[in-house]
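J.: Can you read through this structure? Questions will come right after.
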Amino acid sequence: ARAPWPQRRWAGPHGRAEMSSRHALVTGASRGIGAAIARRLAADGFSLTISARSEATLGETAAELGANGARIHSVIGDMAVEEDVRRIAGQHLQRFQALDVLVINAGMAFAGELEHYPLRRLDKQFAVNLRAPFALVQECLPALRRAAAANLARGARVVAIASISGMVPEPLLAAYGATKAALISLCQSITVEESGRGVSATAISPGYVNTEMAAWAADRAGPATRVDPASMMDPDDIAEMVVAVTRLSARPAAPPTRRTPPAARLSTAVTVR
């Protein structure tokens, strides 16, 4: 069992310490990276809605977070089903009436050679990795705009867990990489369209993270293609990055144009490997 965490104070955009009374929605939060993100946001005082397909594992994560004093609402849903995506957003807003941070973590991957890759698997990945995030952002934008208007210095954020495969192609991951490249592009578009209203988006693009989803890479035959789990990042590393992004002021959110200062471009793409 994990040790209980203290609620943390953080230095807000004006430099003062404040207790967080913010609200976040995290998809794919029952295990791995999503559960790690939920733990870190809860430790920072966020009230959370967490969602996933598996009722059992989501219930375990919700019970753990609740036992440590967090305000948690869990919603079962399949990101491949549009009605579920919109219901997840609706239940969060019904429960908390506010949303400061949307974390898009749910995703899926199928590896395979391009020539023989089943199109049904491509369709499923686009549904989960791009279409669902697009629909979720649509549902959540009004609430994110309200949160940004209520705190202009801090704004509101979308944080999406993409992949380095969306920026640097890798053999056997053509379909997955294409969906993650599209997710990165979506985050850039959100920032371009919404930063004037105080809403920005960040795509975090990690390399291999030691989760069940990356197990296939560790099981590949041959030292040239196998990825040693000991060399992979830990889910807590990604969670720390997400929390760091939520602590930024609204200033590093200018649309990424030729006039955008390099530091401001942090809000649209962060790559770690």
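Each chain of the structure tokens is named A, B, ... in the order shown, its residues numbered from 1; ligands are numbered from 1 in display order.
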Quick one: residues within 9 Å of segment 171-184 of chain A, only C-alpha atoms counted, chain neighbours fewer than 6 positions away excluded, as a ChimeraX atom specification?
T.: /A:108-114,117,121-122,125-126,129-130,133-134,160-165,202-205,268-269
J.: Segment 20-35 of chain A: which residues within 7 Å, counting only C-alpha atoms, same-chain residues fewer than 3 positions away excluded, as a VMD selection string?
T.: chain A and resid 38 to 39 44 to 52 57 to 58 61 98 to 106 211 235 238 to 239
J.: Nearest residue to Val159 of chain A out of A:Leu136, A:Ala67, A:Leu248, A:Cys187, using only C-alpha atoms?
T.: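 Among A:Leu136, A:Ala67, A:Leu248, A:Cys187, it is A:Cys187 that comes nearest to Val159 of chain A.
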J.: Run DSSP on the backbone and give me the residues of segment 52-254 of chain A it puts in strand (DSSP E or B), as a VMD selection string.
T.: chain A and resid 52 72 to 76 101 to 104 156 to 161 199 to 206 209 233
J.: Write to file, as a compact mmCIF listing (two decimals), in the first residue's frame, the residues of the selection just made, with C-alpha atoms.
T.:
```txt
# COMPACT_ATOMS: atom_id res chain seq x y z
CA ALA A 52 -11.31 3.79 -17.86
CA ILE A 72 -12.75 11.28 -6.61
CA HIS A 73 -15.49 10.51 -9.09
CA SER A 74 -14.99 7.45 -11.29
CA VAL A 75 -16.75 6.84 -14.59
CA ILE A 76 -16.60 3.63 -16.62
CA VAL A 101 -7.31 20.58 -16.49
CA LEU A 102 -8.24 17.89 -19.00
CA VAL A 103 -5.72 15.04 -19.21
CA ILE A 104 -6.09 12.87 -22.30
CA ALA A 156 -6.86 26.29 -18.18
CA ARG A 157 -5.09 23.41 -19.87
CA VAL A 158 -5.45 20.31 -21.96
CA VAL A 159 -2.59 17.85 -21.48
CA ALA A 160 -2.40 14.93 -23.90
CA ILE A 161 -0.08 11.96 -23.58
CA VAL A 199 -6.99 27.72 -22.80
CA SER A 200 -3.84 26.00 -24.07
CA ALA A 201 -2.81 22.44 -24.82
CA THR A 202 0.38 20.48 -24.24
CA ALA A 203 1.30 17.20 -25.92
CA ILE A 204 3.81 15.19 -23.89
CA SER A 205 5.56 12.73 -26.21
CA PRO A 206 7.51 10.14 -24.21
CA VAL A 209 7.40 3.87 -20.50
CA MET A 233 10.87 5.60 -18.11
```
J.: Between atom CA of Met167 of chain A and atom CA of Arg53 of chain A, what distance in Å does the model show, to one decimal?
T.: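 Computing the Euclidean distance for atom CA of Met167 of chain A and atom CA of Arg53 of chain A yields 27.8 Å.
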J.: Could you tell me how far atom CA of Gln138 of chain A lies from atom CA of Arg86 of chain A, in Å and to one decimal?
T.: 9.0 Å
J.: Which of these, A:Asp123, A:Glu55, A:Glu139, A:Glu240, has the shortest distance to Val85 of chain A once you count only C-alpha atoms?
T.: A:Glu139
J.: Figure out the distance between atom CA of Glu82 of chain A and atom CA of Ala127 of chain A, please, to one decimal in Å.
T.: 8.8 Å
J.: Could you pull out all residues of segment 20-132 of chain A with a DSSP call of alpha helix (DSSP H) and give them as a PyMOL selection string?
T.: chain A and resi 32-43+55-67+82-96+119-126+132
J.: Ranking A:Ala80, A:Gly166, A:Gly207, A:Asn151 by minimum distance to Arg131 of chain A and counting only C-alpha atoms, which one comes first?
T.: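 Distance minimum relative to Arg131 of chain A lands on A:Ala80.
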